[in-house]
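**Student:** Below you'll find query.csv; it's CSV, C-alpha atoms and all ligand atoms.
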```
chain,number,residue,atom,x,y,z
A,1,MET,CA,6.6,35.0,-89.3
A,2,PHE,CA,5.7,37.7,-86.7
A,3,SER,CA,3.4,40.4,-88.0
A,4,ILE,CA,4.8,43.9,-87.9
A,5,LEU,CA,2.8,46.8,-86.3
A,6,LYS,CA,3.4,49.9,-88.3
A,7,LYS,CA,3.1,52.5,-85.5
A,8,GLN,CA,5.2,55.6,-84.9
A,9,ARG,CA,7.3,56.0,-81.7
A,10,SER,CA,7.9,52.3,-81.4
A,11,SER,CA,11.0,50.2,-81.0
A,12,LYS,CA,12.1,47.3,-83.1
A,13,VAL,CA,13.0,44.1,-81.3
A,14,SER,CA,15.1,41.3,-83.0
A,15,ILE,CA,15.0,38.0,-81.3
A,16,ALA,CA,18.1,35.9,-81.9
A,17,GLY,CA,17.4,32.9,-84.1
A,18,GLU,CA,14.1,34.4,-85.3
A,19,PRO,CA,14.0,35.9,-88.8
A,20,ALA,CA,11.3,38.5,-88.2
A,21,ILE,CA,11.3,41.7,-86.2
A,22,LEU,CA,8.7,42.6,-83.5
A,23,GLU,CA,7.7,46.3,-83.3
A,24,ILE,CA,6.7,47.5,-79.8
A,25,PRO,CA,4.5,50.6,-79.4
A,26,ARG,CA,5.8,53.1,-76.8
A,27,GLY,CA,4.3,52.5,-73.4
A,28,LYS,CA,4.1,48.7,-73.7
A,29,THR,CA,6.3,46.3,-72.0
A,30,LEU,CA,8.3,43.7,-73.9
A,31,LEU,CA,6.1,41.0,-72.5
A,32,GLU,CA,2.8,42.7,-73.3
A,33,ALA,CA,3.9,43.2,-76.9
A,34,MET,CA,5.1,39.6,-77.3
A,35,LEU,CA,1.8,38.2,-75.9
A,36,ALA,CA,-0.3,40.5,-78.0
A,37,GLU,CA,1.5,39.1,-81.0
A,38,GLY,CA,0.7,35.5,-79.9
A,39,LEU,CA,4.3,34.6,-79.0
A,40,ALA,CA,4.3,32.1,-76.1
A,41,MET,CA,6.8,34.0,-74.0
A,42,PRO,CA,7.0,32.3,-70.6
A,43,HIS,CA,5.4,34.4,-67.8
A,44,ASP,CA,3.6,34.0,-64.6
A,45,CYS,CA,3.0,37.0,-62.3
A,46,LYS,CA,3.6,39.8,-64.8
A,47,VAL,CA,4.7,42.1,-61.9
A,48,GLY,CA,8.4,41.3,-61.6
A,49,SER,CA,8.1,38.7,-58.8
A,50,CYS,CA,8.6,35.3,-60.3
A,51,GLY,CA,11.5,35.6,-62.7
A,52,THR,CA,9.8,33.4,-65.4
A,53,CYS,CA,9.8,36.0,-68.2
A,54,ARG,CA,13.6,36.5,-68.2
A,55,PHE,CA,15.4,37.3,-71.5
A,56,LYS,CA,18.9,38.2,-72.4
A,57,LEU,CA,19.5,41.8,-73.5
A,58,MET,CA,22.1,41.6,-76.3
A,59,ASP,CA,21.9,45.2,-77.5
A,60,GLY,CA,19.9,48.3,-76.9
A,61,LYS,CA,18.5,50.2,-73.9
A,62,ILE,CA,15.5,49.5,-71.7
A,63,GLY,CA,13.8,51.2,-68.8
A,64,GLU,CA,12.5,49.0,-66.0
A,65,LEU,CA,9.2,49.3,-64.1
A,66,SER,CA,10.9,47.6,-61.2
A,67,PRO,CA,14.5,46.5,-61.1
A,68,SER,CA,15.2,43.0,-62.4
A,69,ALA,CA,17.8,42.9,-59.6
A,70,LEU,CA,15.0,42.3,-57.1
A,71,VAL,CA,14.5,38.8,-58.6
A,72,LEU,CA,17.4,37.7,-60.8
A,73,GLU,CA,20.6,36.4,-59.4
A,74,ARG,CA,23.8,38.5,-59.7
A,75,ASP,CA,25.2,36.0,-62.3
A,76,ALA,CA,22.2,36.2,-64.5
A,77,LEU,CA,22.2,40.0,-64.3
A,78,SER,CA,25.8,40.2,-65.3
A,79,GLN,CA,25.1,37.9,-68.3
A,80,GLY,CA,22.5,40.5,-69.4
A,81,TYR,CA,19.3,38.8,-68.2
A,82,ARG,CA,16.3,41.1,-67.5
A,83,LEU,CA,12.6,40.7,-67.0
A,84,ALA,CA,10.3,41.1,-70.0
A,85,CYS,CA,7.3,42.1,-67.9
A,86,GLN,CA,9.3,45.0,-66.5
A,87,ALA,CA,11.2,46.0,-69.6
A,88,MET,CA,10.2,49.2,-71.5
A,89,PRO,CA,12.3,49.5,-74.7
A,90,ARG,CA,14.1,52.9,-74.9
A,91,SER,CA,15.7,52.0,-78.3
A,92,ASP,CA,15.7,49.2,-80.8
A,93,LEU,CA,16.7,46.0,-79.1
A,94,VAL,CA,18.4,42.7,-79.8
A,95,ILE,CA,17.4,40.0,-77.4
A,96,ALA,CA,18.0,36.2,-76.9
A,97,LEU,CA,15.7,33.7,-75.1
A,98,ASP,CA,16.6,30.5,-73.2
A,99,ALA,CA,14.3,28.4,-75.5
A,100,PRO,CA,12.7,28.8,-78.9
A,101,LEU,CA,9.2,30.4,-78.8
A,102,SER,CA,6.1,28.7,-80.0
A,103,ARG,CA,2.8,30.4,-80.9
A,104,GLN,CA,-0.2,30.6,-78.6
A,105,GLN,CA,-3.5,32.5,-78.5
A,106,ALA,CA,-2.9,36.2,-78.7
A,107,VAL,CA,-3.8,38.2,-75.6
A,108,GLU,CA,-6.9,40.4,-76.4
A,109,SER,CA,-9.1,42.9,-74.5
A,110,PHE,CA,-12.8,42.4,-73.8
A,111,THR,CA,-15.7,44.0,-72.0
A,112,ALA,CA,-17.1,41.7,-69.3
A,113,THR,CA,-20.5,42.1,-67.7
A,114,ILE,CA,-21.2,40.4,-64.4
A,115,VAL,CA,-24.2,38.1,-64.9
A,116,ALA,CA,-24.2,36.0,-61.7
A,117,THR,CA,-22.4,35.5,-58.4
A,118,SER,CA,-23.0,32.7,-55.9
A,119,ARG,CA,-21.4,31.8,-52.6
A,120,LEU,CA,-19.3,28.6,-52.9
A,121,CYS,CA,-18.1,28.8,-49.2
A,122,PRO,CA,-17.9,31.5,-46.6
A,123,ASP,CA,-15.1,33.4,-48.4
A,124,ILE,CA,-15.2,32.3,-52.0
A,125,ILE,CA,-17.8,33.2,-54.7
A,126,ASN,CA,-18.3,31.9,-58.2
A,127,LEU,CA,-18.1,35.0,-60.4
A,128,VAL,CA,-19.8,34.6,-63.8
A,129,VAL,CA,-19.2,37.1,-66.5
A,130,GLU,CA,-20.2,37.4,-70.1
A,131,ILE,CA,-17.7,38.9,-72.5
A,132,ASP,CA,-18.5,40.7,-75.8
A,133,ARG,CA,-17.2,37.9,-78.0
A,134,PRO,CA,-15.9,34.4,-77.4
A,135,MET,CA,-12.4,33.9,-76.1
A,136,GLN,CA,-10.1,31.0,-76.6
A,137,PHE,CA,-8.1,29.7,-73.7
A,138,SER,CA,-6.6,26.6,-72.1
A,139,PRO,CA,-7.7,25.2,-68.7
A,140,GLY,CA,-5.1,26.4,-66.2
A,141,GLN,CA,-4.8,29.9,-67.8
A,142,TYR,CA,-6.1,33.1,-66.3
A,143,ALA,CA,-7.6,36.5,-67.2
A,144,ASP,CA,-6.9,40.0,-65.9
A,145,LEU,CA,-9.9,41.8,-64.6
A,146,THR,CA,-10.1,45.5,-63.9
A,147,GLY,CA,-13.0,46.9,-61.8
A,148,PRO,CA,-14.4,50.4,-61.9
A,149,GLY,CA,-11.9,53.0,-60.8
A,150,MET,CA,-9.0,50.5,-60.5
A,151,ALA,CA,-5.6,51.5,-61.8
A,152,GLU,CA,-4.3,47.9,-62.1
A,153,PRO,CA,-6.0,44.6,-63.0
A,154,ARG,CA,-6.2,41.6,-60.8
A,155,SER,CA,-5.7,38.0,-62.1
A,156,TYR,CA,-8.2,35.2,-61.9
A,157,SER,CA,-7.9,31.7,-63.2
A,158,PHE,CA,-10.6,30.2,-65.4
A,159,ALA,CA,-12.6,27.8,-63.3
A,160,PHE,CA,-13.7,25.3,-66.0
A,161,ALA,CA,-12.5,23.7,-69.2
A,162,PRO,CA,-14.2,25.4,-72.2
A,163,GLU,CA,-15.9,23.3,-74.8
A,164,ARG,CA,-14.0,23.3,-78.1
A,165,GLY,CA,-11.4,25.6,-76.5
A,166,GLU,CA,-13.5,28.8,-76.3
A,167,ALA,CA,-16.3,30.4,-74.3
A,168,GLN,CA,-18.2,33.7,-74.0
A,169,ARG,CA,-19.5,33.0,-70.5
A,170,LEU,CA,-16.6,32.8,-68.1
A,171,GLU,CA,-16.4,31.6,-64.5
A,172,PHE,CA,-13.9,32.4,-61.7
A,173,HIS,CA,-13.6,31.4,-58.1
A,174,VAL,CA,-12.8,34.6,-56.2
A,175,ARG,CA,-11.7,34.5,-52.6
A,176,HIS,CA,-12.4,37.5,-50.4
A,177,VAL,CA,-9.1,39.1,-49.3
A,178,PRO,CA,-10.1,41.6,-46.5
A,179,GLY,CA,-8.6,45.0,-47.2
A,180,GLY,CA,-8.2,44.0,-50.9
A,181,LEU,CA,-9.3,46.6,-53.5
A,182,PHE,CA,-11.1,44.4,-56.0
A,183,THR,CA,-12.5,41.7,-53.7
A,184,ASP,CA,-13.8,44.2,-51.1
A,185,TRP,CA,-15.6,45.9,-54.0
A,186,LEU,CA,-16.9,42.5,-55.4
A,187,PHE,CA,-18.1,41.2,-52.0
A,188,GLY,CA,-19.4,44.6,-50.8
A,189,GLU,CA,-22.8,44.5,-52.6
A,190,ASP,CA,-24.7,43.0,-55.5
A,191,ARG,CA,-22.5,43.7,-58.6
A,192,ILE,CA,-24.7,42.1,-61.2
A,193,GLY,CA,-24.9,44.2,-64.4
A,194,GLN,CA,-21.6,46.0,-63.6
A,195,THR,CA,-18.9,45.9,-66.3
A,196,LEU,CA,-15.2,45.1,-66.0
A,197,ASP,CA,-12.3,45.3,-68.4
A,198,LEU,CA,-11.0,41.8,-69.1
A,199,SER,CA,-7.9,40.8,-70.9
A,200,GLY,CA,-6.3,37.4,-71.6
A,201,PRO,CA,-5.6,34.6,-71.8
A,202,PHE,CA,-2.4,34.6,-69.8
A,203,GLY,CA,-0.2,32.0,-68.2
A,204,GLN,CA,1.7,28.8,-68.8
A,205,PHE,CA,0.0,26.6,-66.2
A,206,ARG,CA,-1.7,23.8,-68.2
A,207,LEU,CA,-2.1,20.1,-68.7
A,208,ASN,CA,1.0,18.4,-70.0
A,209,ASP,CA,0.8,15.6,-72.5
A,210,SER,CA,1.8,12.8,-70.3
A,211,SER,CA,0.6,9.5,-68.8
A,212,ALA,CA,2.3,9.9,-65.5
A,213,PRO,CA,0.2,9.7,-62.3
A,214,MET,CA,-1.0,13.2,-61.3
A,215,LEU,CA,-0.6,14.8,-57.9
A,216,CYS,CA,-2.8,17.9,-57.7
A,217,LEU,CA,-2.5,20.1,-54.7
A,218,ALA,CA,-4.7,23.2,-54.2
A,219,GLY,CA,-5.4,25.7,-51.5
A,220,GLY,CA,-8.5,27.8,-51.2
A,221,SER,CA,-9.6,29.2,-54.6
A,222,GLY,CA,-6.5,27.5,-56.1
A,223,LEU,CA,-9.0,24.7,-56.8
A,224,ALA,CA,-10.4,26.6,-59.8
A,225,PRO,CA,-7.6,25.9,-62.3
A,226,ILE,CA,-7.0,22.5,-60.9
A,227,MET,CA,-10.6,21.5,-61.6
A,228,ALA,CA,-10.4,23.0,-65.1
A,229,ILE,CA,-7.2,20.9,-65.8
A,230,LEU,CA,-8.8,17.7,-64.4
A,231,GLN,CA,-12.0,18.3,-66.5
A,232,GLN,CA,-9.9,18.7,-69.6
A,233,ALA,CA,-7.9,15.6,-68.8
A,234,GLN,CA,-11.1,13.7,-68.3
A,235,SER,CA,-12.6,14.9,-71.6
A,236,MET,CA,-9.4,13.8,-73.3
A,237,GLY,CA,-9.9,10.3,-71.9
A,238,ALA,CA,-7.0,10.4,-69.5
A,239,ASN,CA,-6.2,7.1,-67.8
A,240,ARG,CA,-3.9,8.4,-65.1
A,241,PRO,CA,-4.1,7.9,-61.4
A,242,VAL,CA,-4.9,11.1,-59.6
A,243,THR,CA,-4.3,12.2,-56.0
A,244,LEU,CA,-6.0,15.5,-55.2
A,245,LEU,CA,-4.8,17.2,-52.0
A,246,TYR,CA,-7.1,20.1,-51.1
A,247,GLY,CA,-6.3,22.5,-48.2
A,248,ALA,CA,-9.1,24.6,-46.6
A,249,ARG,CA,-9.5,26.2,-43.2
A,250,THR,CA,-12.5,24.4,-41.9
A,251,ARG,CA,-15.1,22.0,-43.2
A,252,GLN,CA,-17.3,24.9,-44.2
A,253,HIS,CA,-14.5,26.2,-46.5
A,254,LEU,CA,-14.5,23.0,-48.5
A,255,TYR,CA,-16.3,23.5,-51.8
A,256,CYS,CA,-16.9,21.9,-55.2
A,257,LEU,CA,-17.4,18.6,-53.3
A,258,ASP,CA,-20.2,17.4,-55.7
A,259,GLU,CA,-18.1,18.2,-58.7
A,260,ILE,CA,-15.0,16.4,-57.3
A,261,GLU,CA,-17.2,13.4,-56.5
A,262,ALA,CA,-18.6,13.3,-60.0
A,263,LEU,CA,-15.2,13.7,-61.6
A,264,SER,CA,-13.8,10.9,-59.4
A,265,ALA,CA,-16.7,8.6,-60.1
A,266,ALA,CA,-16.3,8.9,-63.8
A,267,TRP,CA,-12.4,8.9,-63.8
A,268,ASP,CA,-10.9,5.9,-65.7
A,269,ALA,CA,-8.1,5.3,-63.2
A,270,PRO,CA,-7.8,5.4,-59.3
A,271,PHE,CA,-8.8,8.9,-58.0
A,272,GLU,CA,-8.1,9.8,-54.4
A,273,PHE,CA,-9.4,13.0,-52.9
A,274,VAL,CA,-7.7,14.1,-49.7
A,275,PRO,CA,-9.1,17.2,-48.0
A,276,VAL,CA,-7.0,18.7,-45.2
A,277,LEU,CA,-8.3,21.3,-42.8
A,278,SER,CA,-6.0,23.7,-41.0
A,279,GLU,CA,-8.4,25.4,-38.6
A,280,GLU,CA,-11.1,22.8,-37.9
A,281,ASP,CA,-12.3,22.8,-34.3
A,282,ALA,CA,-10.3,20.2,-32.4
A,283,GLY,CA,-13.5,18.9,-30.9
A,284,SER,CA,-15.4,18.5,-34.1
A,285,ASP,CA,-16.2,15.0,-35.6
A,286,TRP,CA,-14.0,15.6,-38.7
A,287,THR,CA,-12.1,12.4,-39.3
A,288,GLY,CA,-10.2,13.6,-42.4
A,289,GLY,CA,-6.7,15.2,-42.6
A,290,ARG,CA,-5.8,18.1,-40.3
A,291,GLY,CA,-2.9,20.5,-40.4
A,292,LEU,CA,-1.1,21.7,-43.5
A,293,VAL,CA,-2.1,20.4,-46.9
A,294,THR,CA,1.5,19.7,-47.7
A,295,GLU,CA,1.9,17.2,-44.8
A,296,PRO,CA,0.5,14.1,-46.6
A,297,ILE,CA,3.0,14.5,-49.4
A,298,ALA,CA,5.7,12.6,-47.5
A,299,ARG,CA,3.4,9.6,-47.1
A,300,LEU,CA,2.4,9.3,-50.8
A,301,PRO,CA,3.7,6.2,-52.7
A,302,GLY,CA,5.5,6.4,-56.0
A,303,LEU,CA,6.3,10.1,-55.9
A,304,THR,CA,9.3,9.9,-58.2
A,305,ARG,CA,7.1,9.0,-61.1
A,306,THR,CA,4.5,11.6,-60.4
A,307,GLU,CA,3.7,14.8,-62.3
A,308,ALA,CA,2.6,17.6,-59.9
A,309,TYR,CA,0.1,20.5,-60.4
A,310,LEU,CA,0.2,23.0,-57.6
A,311,CYS,CA,-2.1,26.0,-57.2
A,312,GLY,CA,-2.9,28.5,-54.4
A,313,PRO,CA,-1.1,30.8,-52.0
A,314,PRO,CA,2.6,31.3,-52.7
A,315,ALA,CA,3.8,30.1,-49.3
A,316,MET,CA,1.9,26.8,-49.7
A,317,ILE,CA,3.4,26.2,-53.2
A,318,ASP,CA,6.9,27.0,-52.0
A,319,ALA,CA,6.5,24.4,-49.2
A,320,ALA,CA,5.0,21.8,-51.5
A,321,GLU,CA,7.7,22.2,-54.1
A,322,ALA,CA,10.4,21.9,-51.5
A,323,GLN,CA,8.8,18.7,-50.2
A,324,LEU,CA,8.3,17.2,-53.6
A,325,ILE,CA,11.9,17.8,-54.6
A,326,GLN,CA,13.1,16.4,-51.3
A,327,HIS,CA,11.1,13.2,-52.1
A,328,GLY,CA,12.7,12.8,-55.5
A,329,VAL,CA,10.2,14.6,-57.9
A,330,LEU,CA,12.2,16.2,-60.7
A,331,PRO,CA,11.6,20.0,-60.9
A,332,GLU,CA,10.6,19.7,-64.5
A,333,MET,CA,7.7,17.4,-63.4
A,334,ILE,CA,6.2,20.2,-61.2
A,335,ALA,CA,3.9,22.8,-62.6
A,336,ALA,CA,2.8,25.6,-60.3
A,337,ASP,CA,0.5,28.6,-60.3
A,338,ARG,CA,1.1,31.1,-57.4
A,339,PHE,CA,-1.9,33.3,-56.5
A,340,LEU,CA,0.3,36.3,-55.7
A,341,ASP,CA,-1.5,39.4,-54.4
A,342,LYS,CA,-0.3,42.9,-53.3
A,343,SER,CA,0.8,41.5,-49.9
A,344,THR,CA,3.0,38.8,-51.5
A,345,MET,CA,4.5,40.8,-54.4
A,346,ARG,CA,7.9,42.4,-54.1
B,401,LIG,C1,-1.8,34.2,-61.9
B,401,LIG,C2,-2.7,34.5,-60.8
B,401,LIG,C3,-4.0,33.9,-60.8
B,401,LIG,C4,-4.8,34.2,-59.7
B,401,LIG,N1,-6.0,33.5,-59.7
B,401,LIG,C5,-6.9,33.7,-58.7
B,401,LIG,C6,-8.1,33.0,-58.6
B,401,LIG,O1,-8.5,32.2,-59.5
B,401,LIG,N2,-8.9,33.2,-57.5
B,401,LIG,C7,-8.5,34.1,-56.5
B,401,LIG,O2,-9.3,34.3,-55.5
B,401,LIG,N3,-7.4,34.8,-56.6
B,401,LIG,C8,-6.6,34.7,-57.6
B,401,LIG,N4,-5.4,35.4,-57.7
B,401,LIG,C9,-5.2,36.5,-56.7
B,401,LIG,C10,-5.9,37.8,-57.3
B,401,LIG,O3,-5.3,38.2,-58.5
B,401,LIG,C11,-5.8,39.0,-56.3
B,401,LIG,O4,-4.5,39.2,-56.0
B,401,LIG,C12,-6.6,38.8,-55.1
B,401,LIG,O5,-8.0,38.5,-55.4
B,401,LIG,C13,-6.6,40.1,-54.2
B,401,LIG,O6,-7.1,41.2,-54.9
B,401,LIG,P1,-7.6,42.4,-54.2
B,401,LIG,O7,-7.7,43.6,-55.2
B,401,LIG,O8,-8.9,42.1,-53.5
B,401,LIG,O9,-6.5,42.7,-53.1
B,401,LIG,P2,-5.3,43.8,-53.2
B,401,LIG,O10,-5.8,45.2,-53.3
B,401,LIG,O11,-4.4,43.3,-54.3
B,401,LIG,O12,-4.6,43.5,-51.8
B,401,LIG,C14,-4.3,42.2,-51.3
B,401,LIG,C15,-3.9,42.2,-49.9
B,401,LIG,O13,-2.6,43.0,-49.8
B,401,LIG,C16,-2.8,44.1,-48.9
B,401,LIG,N5,-2.0,45.1,-49.6
B,401,LIG,C17,-2.4,46.0,-50.5
B,401,LIG,N6,-1.4,46.8,-50.9
B,401,LIG,C18,-0.3,46.4,-50.2
B,401,LIG,C19,1.0,46.8,-50.2
B,401,LIG,N7,1.5,47.8,-50.9
B,401,LIG,N8,1.9,46.1,-49.3
B,401,LIG,C20,1.5,45.1,-48.5
B,401,LIG,N9,0.2,44.7,-48.5
B,401,LIG,C21,-0.7,45.3,-49.3
B,401,LIG,C22,-4.3,44.3,-48.8
B,401,LIG,O14,-4.6,44.9,-47.6
B,401,LIG,C23,-4.8,42.9,-48.9
B,401,LIG,O15,-4.8,42.3,-47.7
B,401,LIG,C24,-4.5,35.1,-58.7
B,401,LIG,C25,-3.3,35.8,-58.8
B,401,LIG,C26,-2.4,35.5,-59.8
B,401,LIG,C27,-1.0,36.2,-59.8
B,402,LIG,S1,6.2,37.3,-65.3
B,402,LIG,FE1,7.8,38.7,-65.3
B,402,LIG,S2,8.7,38.3,-63.3
B,402,LIG,FE2,6.9,37.1,-63.3
```
Now that the file is in, can you turn its structure into structure tokens?
**Tutor:**
Amino acid sequence: MFSILKKQRSSKVSIAGEPAILEIPRGKTLLEAMLAEGLAMPHDCKVGSCGTCRFKLMDGKIGELSPSALVLERDALSQGYRLACQAMPRSDLVIALDAPLSRQQAVESFTATIVATSRLCPDIINLVVEIDRPMQFSPGQYADLTGPGMAEPRSYSFAFAPERGEAQRLEFHVRHVPGGLFTDWLFGEDRIGQTLDLSGPFGQFRLNDSSAPMLCLAGGSGLAPIMAILQQAQSMGANRPVTLLYGARTRQHLYCLDEIEALSAAWDAPFEFVPVLSEEDAGSDWTGGRGLVTEPIARLPGLTRTEAYLCGPPAMIDAAEAQLIQHGVLPEMIAADRFLDKSTMR
């Protein structure tokens, strides 16, 4: 079932309940090797912050890039759970997973050339790159981009649903984080023609096969994967009511308004767009929502039947999740994608 890489200085990994053996080249994490093999190992941050990629170490030795103990509870650690994104095999391993693995698109590396950039709002640009060959991905997923001279990649969500599941021209909505290595570089001057290393696709945030009403909640550039998921739902003929809560600082920071209007006009079921501004001047003539984008949640009807898709800054998502659960939404009905950056990672 799994293909076997015949490389020296590698470790063999047996997964309980799976007949085949995965071989991991030295220097790769367990998660990297699994994704490169097209195994749909759950993951989110890939930096040891979210705990999504946990596995149970049954036998063998690993080194850890950062200790699993920073994220996993003591009980889980004593049962042998560790983080696949931080695990470097030091011997052959036997591992167990909480759920059987399915197959997905294998993660690959590409060369990306920046072909266009345009300002969407004061602090977000639409970054368009062309990669050396088409890539398959699902709306909601993301790619890792490494700029010139950068030691580590940064993650960006695909901002559109690809036709027939693949594309060679990719778009990302990138928000400027002052003091940030990649975004200071990108926003610093015209970067058209520059090349980036790109790998992907990553991530488990995607449209579920369901007919439940959708509550989408986005903050800042978190709108990118939400728009991609809504476009996909529409192209699949979804007939589900949608509420889209969108949080931005001021009216100037609202973007994609024409696209949202077009989506809403062609949507087959009720579609409510609720923009909420956190820093709009108190004296302005804005009549829409003010404050935190999570505040309208408590007033939404029929929440217990809703499926939620949340994307944006980690603090916003934590607050939204807590509110949704408090109002009766089951945790398994909430899909979330946290835009972690260096300031929010452990
Ligand atoms: C799955 C995922 C998807 C994402 N998708 C998107 C997207 O579609 N659009 C988007 O705009 N962003 C997205 N992000 C965020 C993105 O990956 C970057 O983190 C963000 O753009 C900042 O990158 P940077 O290199 O400019 O900043 P960084 O260099 O990473 O720095 C970020 C901030 O942290 C501070 N900082 C740096 N080092 C430290 C440190 N050691 N301790 C404390 N603070 C520090 C910096 O001063 C800066 O303010 C996503 C993140 C994830 C995890
Ligand atoms: S993907 Fe490993 S901790 Fe988040």
**Student:** For ligand LIG 402 (chain B), return the neighbouring residues as a short mmCIF file (atom, residue, chain, number, x, y, z; two decimals) with C-alpha atoms, keeping the file's coordinate frame (distance at most 7 Å; all atoms listed in the file).
**Tutor:**
```cif
data_model
loop_
_atom_site.label_atom_id
_atom_site.label_comp_id
_atom_site.auth_asym_id
_atom_site.auth_seq_id
_atom_site.Cartn_x
_atom_site.Cartn_y
_atom_site.Cartn_z
CA HIS A 43 5.40 34.40 -67.80
CA ASP A 44 3.60 34.00 -64.60
CA CYS A 45 3.00 37.00 -62.30
CA LYS A 46 3.60 39.80 -64.80
CA VAL A 47 4.70 42.10 -61.90
CA GLY A 48 8.40 41.30 -61.60
CA SER A 49 8.10 38.70 -58.80
CA CYS A 50 8.60 35.30 -60.30
CA GLY A 51 11.50 35.60 -62.70
CA THR A 52 9.80 33.40 -65.40
CA CYS A 53 9.80 36.00 -68.20
CA ARG A 54 13.60 36.50 -68.20
CA LEU A 83 12.60 40.70 -67.00
CA ALA A 84 10.30 41.10 -70.00
CA CYS A 85 7.30 42.10 -67.90
CA GLN A 86 9.30 45.00 -66.50
#
```
**Student:** Smallest atom-to-atom distance to A:Leu263: which of A:Ser343, A:Ser14, A:Thr287, A:Gln234, using only C-alpha atoms?
**Tutor:**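 Using only C-alpha atoms, the shortest distance to A:Leu263 belongs to A:Gln234.
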**Student:** Mind checking which residues fall within 9 Å of A:Gln141, counting all atoms listed in the file, ignoring those fewer than 3 positions away in the same chain, and posting them as an MDAnalysis selection string?
**Tutor:** chainID A and resid 137:138 156:158 200:206 225
**Student:** So that each row is one residue of chain A with an atom at most 7 Å from ligand LIG 401 (chain B), can you give its shortest atom pair and the distance in Å to one decimal, using all atoms listed in the file, rows by chain and rising number, as JSON lines?
**Tutor:**
```
{"residue": "A:Asp44", "atom": "CA", "partner": "B:LIG401", "partner_atom": "C1", "distance": 6.0}
{"residue": "A:Cys45", "atom": "CA", "partner": "B:LIG401", "partner_atom": "C27", "distance": 4.8}
{"residue": "A:Tyr142", "atom": "CA", "partner": "B:LIG401", "partner_atom": "C3", "distance": 5.9}
{"residue": "A:Arg154", "atom": "CA", "partner": "B:LIG401", "partner_atom": "O3", "distance": 4.2}
{"residue": "A:Ser155", "atom": "CA", "partner": "B:LIG401", "partner_atom": "O3", "distance": 3.6}
{"residue": "A:Tyr156", "atom": "CA", "partner": "B:LIG401", "partner_atom": "N1", "distance": 3.5}
{"residue": "A:Ser157", "atom": "CA", "partner": "B:LIG401", "partner_atom": "O1", "distance": 3.8}
{"residue": "A:Phe158", "atom": "CA", "partner": "B:LIG401", "partner_atom": "O1", "distance": 6.6}
{"residue": "A:Phe172", "atom": "CA", "partner": "B:LIG401", "partner_atom": "O1", "distance": 5.8}
{"residue": "A:His173", "atom": "CA", "partner": "B:LIG401", "partner_atom": "N2", "distance": 5.1}
{"residue": "A:Val174", "atom": "CA", "partner": "B:LIG401", "partner_atom": "O2", "distance": 3.6}
{"residue": "A:Arg175", "atom": "CA", "partner": "B:LIG401", "partner_atom": "O2", "distance": 3.8}
{"residue": "A:His176", "atom": "CA", "partner": "B:LIG401", "partner_atom": "O8", "distance": 6.6}
{"residue": "A:Val177", "atom": "CA", "partner": "B:LIG401", "partner_atom": "O8", "distance": 5.2}
{"residue": "A:Pro178", "atom": "CA", "partner": "B:LIG401", "partner_atom": "O15", "distance": 5.5}
{"residue": "A:Gly179", "atom": "CA", "partner": "B:LIG401", "partner_atom": "O14", "distance": 4.0}
{"residue": "A:Gly180", "atom": "CA", "partner": "B:LIG401", "partner_atom": "O9", "distance": 3.1}
{"residue": "A:Leu181", "atom": "CA", "partner": "B:LIG401", "partner_atom": "O10", "distance": 3.8}
{"residue": "A:Phe182", "atom": "CA", "partner": "B:LIG401", "partner_atom": "O7", "distance": 3.6}
{"residue": "A:Thr183", "atom": "CA", "partner": "B:LIG401", "partner_atom": "O8", "distance": 3.6}
{"residue": "A:Asp184", "atom": "CA", "partner": "B:LIG401", "partner_atom": "O8", "distance": 5.8}
{"residue": "A:Gly203", "atom": "CA", "partner": "B:LIG401", "partner_atom": "C1", "distance": 6.9}
{"residue": "A:Ser221", "atom": "CA", "partner": "B:LIG401", "partner_atom": "N2", "distance": 5.0}
{"residue": "A:Gly222", "atom": "CA", "partner": "B:LIG401", "partner_atom": "O1", "distance": 6.1}
{"residue": "A:Ala224", "atom": "CA", "partner": "B:LIG401", "partner_atom": "O1", "distance": 5.9}
{"residue": "A:Pro225", "atom": "CA", "partner": "B:LIG401", "partner_atom": "O1", "distance": 7.0}
{"residue": "A:Asp337", "atom": "CA", "partner": "B:LIG401", "partner_atom": "C1", "distance": 6.3}
{"residue": "A:Arg338", "atom": "CA", "partner": "B:LIG401", "partner_atom": "C27", "distance": 6.0}
{"residue": "A:Phe339", "atom": "CA", "partner": "B:LIG401", "partner_atom": "C25", "distance": 3.7}
{"residue": "A:Leu340", "atom": "CA", "partner": "B:LIG401", "partner_atom": "C27", "distance": 4.3}
{"residue": "A:Asp341", "atom": "CA", "partner": "B:LIG401", "partner_atom": "O4", "distance": 3.4}
{"residue": "A:Lys342", "atom": "CA", "partner": "B:LIG401", "partner_atom": "O13", "distance": 4.2}
{"residue": "A:Ser343", "atom": "CA", "partner": "B:LIG401", "partner_atom": "N9", "distance": 3.5}
```
**Student:** So which residues touch A:Ala87 within 9 Å, counting all atoms listed in the file, skipping near sequence neighbours fewer than 6 positions away, as a PDB file with C-alpha atoms, in the frame of the given file?
**Tutor:**
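Below you can see out34.pdb, which holds the result:
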```pdb
ATOM      1  CA  LYS A  28       4.100  48.700 -73.700  1.00  0.00           C
ATOM      2  CA  THR A  29       6.300  46.300 -72.000  1.00  0.00           C
ATOM      3  CA  LEU A  30       8.300  43.700 -73.900  1.00  0.00           C
ATOM      4  CA  LEU A  31       6.100  41.000 -72.500  1.00  0.00           C
ATOM      5  CA  ILE A  62      15.500  49.500 -71.700  1.00  0.00           C
ATOM      6  CA  GLY A  63      13.800  51.200 -68.800  1.00  0.00           C
ATOM      7  CA  GLU A  64      12.500  49.000 -66.000  1.00  0.00           C
ATOM      8  CA  LEU A  65       9.200  49.300 -64.100  1.00  0.00           C
ATOM      9  CA  SER A  66      10.900  47.600 -61.200  1.00  0.00           C
ATOM     10  CA  SER A  68      15.200  43.000 -62.400  1.00  0.00           C
TER      11      SER A  68
END
```
